[in-house]
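*Asks:* Here you go, one structure.
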Amino acid sequence: MAAAYFEMIRIRFLTMLAYRLNYYSGIVIYMINIGANYFLWKAVYGDNSSIAGFSAAQMTTYLAVSWMARAFYFNNLDREIAMEIRDGSVSVQMIRPYKYLLMKTMLMAPGMVAAVLLFPVDLPARPDTWAVFLVMIALSFLINTQINILTGLFAFFVENNMGLIHMKRVAVDLLSGLVIPLSFFPGWARTALEWLPFQAITYLPASVFTGRVVGAAVGEAIAVQLIWCCVLIVPIFLMWRAARRRLFVQGG
């Protein structure tokens, strides 16, 4: 069974290599985003040494690592699932010898590292910080993937969910702390966002990487990610079960 999943990953990787221009242009776009945000925040800081608990050096590192992390955890599962539902190919996926949702979860793109060479990023010196960060990024990928699966599965219940997909992407980028760190939000907004899964995608891993979250708080941050990984399984299972029944009725 495991061989089927690895074969799908191999095929996806070969497909990516067949479209090298898209891959490299994606890296360039990410570098432009990092550069634009870097110079924007540099202007915002001006002569200030710290804003909202972020030093200028921490902000630079936060921006770079957040966008690099996005390159790792970002995927188009919501769009792919929606397209396969609309064109009917999802019915073929369901009868293949692998779990459809698990296969989708295992497909991911590698992150970029060029930002470290172009911008003044302060990398952590402690190996354990890197190890924790890699674990948290893996959990970020799982949480983002689960949200994408939920968004994609809505295609079973609406005629076109592309508007929902675009809204979800804007919400994830904004509410996860990618565009603006959550510490810059007003108190009531930060409290509300603590009850949502978005901070577990970007803000928490980047805060650990930049040293803003240390000690016991690191374990608490990982615990938040693990809790959301478990919580999101429930609506995915319920929606998938309802979607399978709906597909049977439509095809019956």
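In the structure tokens, each chain is lettered A, B, ... as it comes, each chain's residues begin at 1, and ligands are numbered from 1 in order of appearance.
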Would you kindly return, as a PyMOL selection string, each protein, DNA or RNA residue with an atom no farther than 9 Å from any atom of Tyr62 of chain A, considering only C-alpha atoms and excluding same-chain residues fewer than 2 positions away?

*Replies:* chain A and resi 57-60+64-67+121+178+181+203+206-207+209-210

*Asks:* Keeping only N, CA and C atoms, write the selected residues to a file as an mmCIF file, in the first residue's frame.

*Replies:*
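Writing done, so here's again04.cif:
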```
data_model
loop_
_atom_site.group_PDB
_atom_site.id
_atom_site.type_symbol
_atom_site.label_atom_id
_atom_site.label_comp_id
_atom_site.auth_asym_id
_atom_site.auth_seq_id
_atom_site.Cartn_x
_atom_site.Cartn_y
_atom_site.Cartn_z
ATOM 1 N N ALA A 57 15.524 43.575 13.717
ATOM 2 C CA ALA A 57 16.166 42.334 13.269
ATOM 3 C C ALA A 57 15.194 41.161 13.359
ATOM 4 N N GLN A 58 14.412 41.125 14.437
ATOM 5 C CA GLN A 58 13.430 40.047 14.583
ATOM 6 C C GLN A 58 12.366 40.124 13.498
ATOM 7 N N MET A 59 11.948 41.343 13.147
ATOM 8 C CA MET A 59 10.939 41.492 12.105
ATOM 9 C C MET A 59 11.462 40.998 10.765
ATOM 10 N N THR A 60 12.717 41.331 10.440
ATOM 11 C CA THR A 60 13.300 40.864 9.187
ATOM 12 C C THR A 60 13.335 39.342 9.139
ATOM 13 N N ALA A 64 11.151 36.784 6.607
ATOM 14 C CA ALA A 64 11.828 35.815 5.734
ATOM 15 C C ALA A 64 11.398 34.395 6.040
ATOM 16 N N VAL A 65 11.395 34.034 7.339
ATOM 17 C CA VAL A 65 11.069 32.657 7.689
ATOM 18 C C VAL A 65 9.587 32.363 7.456
ATOM 19 N N SER A 66 8.726 33.381 7.607
ATOM 20 C CA SER A 66 7.293 33.171 7.370
ATOM 21 C C SER A 66 7.020 32.874 5.909
ATOM 22 N N TRP A 67 7.659 33.626 5.018
ATOM 23 C CA TRP A 67 7.448 33.386 3.590
ATOM 24 C C TRP A 67 8.122 32.093 3.139
ATOM 25 N N VAL A 121 18.989 38.152 7.716
ATOM 26 C CA VAL A 121 18.224 37.239 8.561
ATOM 27 C C VAL A 121 19.116 36.699 9.666
ATOM 28 N N LEU A 178 1.094 36.056 8.472
ATOM 29 C CA LEU A 178 2.048 36.170 7.374
ATOM 30 C C LEU A 178 2.204 37.617 6.923
ATOM 31 N N PRO A 181 2.228 40.400 11.745
ATOM 32 C CA PRO A 181 2.314 39.565 12.956
ATOM 33 C C PRO A 181 1.135 39.813 13.881
ATOM 34 N N TYR A 203 2.285 32.124 12.570
ATOM 35 C CA TYR A 203 2.733 32.965 13.677
ATOM 36 C C TYR A 203 3.504 32.184 14.743
ATOM 37 N N ALA A 206 7.024 30.859 13.425
ATOM 38 C CA ALA A 206 7.941 31.989 13.214
ATOM 39 C C ALA A 206 8.340 32.626 14.531
ATOM 40 N N SER A 207 7.442 32.661 15.513
ATOM 41 C CA SER A 207 7.767 33.231 16.816
ATOM 42 C C SER A 207 8.808 32.381 17.540
ATOM 43 N N PHE A 209 11.031 30.478 15.977
ATOM 44 C CA PHE A 209 12.259 30.617 15.203
ATOM 45 C C PHE A 209 13.001 31.905 15.547
ATOM 46 N N THR A 210 12.263 32.994 15.748
ATOM 47 C CA THR A 210 12.880 34.289 16.042
ATOM 48 C C THR A 210 13.215 34.467 17.517
#
```

*Asks:* Could you jot down the atom CA of Leu142 of chain A to atom CA of Pro235 of chain A separation for me, Å, one decimal place?

*Replies:*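 Value for the atom CA of Leu142 of chain A-atom CA of Pro235 of chain A distance: 14.6 Å.
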
*Asks:* Between A:Ile180, A:Met162, A:Ala200, A:Ala155, single out the one closest to Ser140 of chain A, counting only C-alpha atoms.

*Replies:*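 Of the candidates, the smallest distance to Ser140 of chain A is held by A:Ala200.
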
*Asks:* Write out as a list in words each polymer residue whose atoms come within 9 Å of Leu204 of chain A, counting only C-alpha atoms; drop sequence neighbours fewer than 5 positions from it.

*Replies:*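 Neighbouring residues, sequence-local ones excluded: Met136, Ser176, Gly177, Gln199, Phe209, Val213, Val218, Ala221, Ile222 and Gln225 of chain A.
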
*Asks:* Can you write just those residues out, all heavy atoms, as a PDB file, in the first residue's frame?

*Replies:*
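The file below, selection-v2.pdb, is the result:
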```
ATOM      1  N   MET A 136       7.386  22.038  13.860  1.00  0.00           N
ATOM      2  CA  MET A 136       6.246  22.946  13.801  1.00  0.00           C
ATOM      3  C   MET A 136       5.843  23.260  12.365  1.00  0.00           C
ATOM      4  O   MET A 136       4.650  23.413  12.069  1.00  0.00           O
ATOM      5  CB  MET A 136       6.569  24.231  14.561  1.00  0.00           C
ATOM      6  CG  MET A 136       6.811  24.030  16.043  1.00  0.00           C
ATOM      7  SD  MET A 136       6.986  25.573  16.979  1.00  0.00           S
ATOM      8  CE  MET A 136       5.269  26.143  16.994  1.00  0.00           C
ATOM      9  N   SER A 176      -3.087  34.323   9.767  1.00  0.00           N
ATOM     10  CA  SER A 176      -2.013  33.458  10.270  1.00  0.00           C
ATOM     11  C   SER A 176      -0.801  34.262  10.718  1.00  0.00           C
ATOM     12  O   SER A 176       0.122  33.711  11.327  1.00  0.00           O
ATOM     13  CB  SER A 176      -1.589  32.462   9.191  1.00  0.00           C
ATOM     14  OG  SER A 176      -0.926  33.134   8.125  1.00  0.00           O
ATOM     15  N   GLY A 177      -0.776  35.561  10.405  1.00  0.00           N
ATOM     16  CA  GLY A 177       0.359  36.393  10.776  1.00  0.00           C
ATOM     17  C   GLY A 177       1.385  36.532   9.684  1.00  0.00           C
ATOM     18  O   GLY A 177       2.465  37.099   9.912  1.00  0.00           O
ATOM     19  N   GLN A 199      -3.266  30.925  13.520  1.00  0.00           N
ATOM     20  CA  GLN A 199      -1.994  31.290  14.144  1.00  0.00           C
ATOM     21  C   GLN A 199      -1.032  30.104  14.179  1.00  0.00           C
ATOM     22  O   GLN A 199       0.188  30.278  14.183  1.00  0.00           O
ATOM     23  CB  GLN A 199      -2.228  31.795  15.569  1.00  0.00           C
ATOM     24  CG  GLN A 199      -2.765  30.736  16.521  1.00  0.00           C
ATOM     25  CD  GLN A 199      -2.623  31.128  17.975  1.00  0.00           C
ATOM     26  OE1 GLN A 199      -1.849  32.027  18.296  1.00  0.00           O
ATOM     27  NE2 GLN A 199      -3.374  30.477  18.854  1.00  0.00           N
ATOM     28  N   PHE A 209      11.031  30.478  15.977  1.00  0.00           N
ATOM     29  CA  PHE A 209      12.259  30.617  15.203  1.00  0.00           C
ATOM     30  C   PHE A 209      13.001  31.905  15.547  1.00  0.00           C
ATOM     31  O   PHE A 209      14.234  31.931  15.613  1.00  0.00           O
ATOM     32  CB  PHE A 209      11.935  30.584  13.708  1.00  0.00           C
ATOM     33  CG  PHE A 209      13.152  30.515  12.824  1.00  0.00           C
ATOM     34  CD1 PHE A 209      13.711  29.296  12.495  1.00  0.00           C
ATOM     35  CD2 PHE A 209      13.721  31.669  12.309  1.00  0.00           C
ATOM     36  CE1 PHE A 209      14.821  29.223  11.672  1.00  0.00           C
ATOM     37  CE2 PHE A 209      14.834  31.613  11.478  1.00  0.00           C
ATOM     38  CZ  PHE A 209      15.387  30.383  11.165  1.00  0.00           C
ATOM     39  N   VAL A 213       9.258  33.246  21.378  1.00  0.00           N
ATOM     40  CA  VAL A 213       8.624  32.226  22.216  1.00  0.00           C
ATOM     41  C   VAL A 213       9.710  31.250  22.649  1.00  0.00           C
ATOM     42  O   VAL A 213      10.372  30.627  21.812  1.00  0.00           O
ATOM     43  CB  VAL A 213       7.517  31.488  21.441  1.00  0.00           C
ATOM     44  CG1 VAL A 213       6.982  30.324  22.256  1.00  0.00           C
ATOM     45  CG2 VAL A 213       6.397  32.443  21.080  1.00  0.00           C
ATOM     46  N   VAL A 218       7.202  27.166  24.244  1.00  0.00           N
ATOM     47  CA  VAL A 218       7.407  26.419  23.002  1.00  0.00           C
ATOM     48  C   VAL A 218       6.553  25.157  22.999  1.00  0.00           C
ATOM     49  O   VAL A 218       5.889  24.824  22.013  1.00  0.00           O
ATOM     50  CB  VAL A 218       8.893  26.062  22.821  1.00  0.00           C
ATOM     51  CG1 VAL A 218       9.083  25.158  21.602  1.00  0.00           C
ATOM     52  CG2 VAL A 218       9.733  27.329  22.671  1.00  0.00           C
ATOM     53  N   ALA A 221       3.016  26.037  22.366  1.00  0.00           N
ATOM     54  CA  ALA A 221       2.760  26.343  20.957  1.00  0.00           C
ATOM     55  C   ALA A 221       2.594  25.065  20.145  1.00  0.00           C
ATOM     56  O   ALA A 221       1.692  24.958  19.299  1.00  0.00           O
ATOM     57  CB  ALA A 221       3.897  27.192  20.390  1.00  0.00           C
ATOM     58  N   ILE A 222       3.457  24.083  20.398  1.00  0.00           N
ATOM     59  CA  ILE A 222       3.334  22.798  19.696  1.00  0.00           C
ATOM     60  C   ILE A 222       2.036  22.114  20.077  1.00  0.00           C
ATOM     61  O   ILE A 222       1.366  21.495  19.230  1.00  0.00           O
ATOM     62  CB  ILE A 222       4.547  21.900  20.009  1.00  0.00           C
ATOM     63  CG1 ILE A 222       5.829  22.525  19.469  1.00  0.00           C
ATOM     64  CG2 ILE A 222       4.346  20.503  19.421  1.00  0.00           C
ATOM     65  CD1 ILE A 222       7.079  21.734  19.808  1.00  0.00           C
ATOM     66  N   GLN A 225      -0.778  23.438  18.056  1.00  0.00           N
ATOM     67  CA  GLN A 225      -0.778  22.870  16.704  1.00  0.00           C
ATOM     68  C   GLN A 225      -1.337  21.450  16.706  1.00  0.00           C
ATOM     69  O   GLN A 225      -2.140  21.090  15.830  1.00  0.00           O
ATOM     70  CB  GLN A 225       0.636  22.874  16.135  1.00  0.00           C
ATOM     71  CG  GLN A 225       1.171  24.256  15.780  1.00  0.00           C
ATOM     72  CD  GLN A 225       2.517  24.163  15.088  1.00  0.00           C
ATOM     73  OE1 GLN A 225       3.462  23.615  15.645  1.00  0.00           O
ATOM     74  NE2 GLN A 225       2.598  24.685  13.882  1.00  0.00           N
TER      75      GLN A 225
END
```
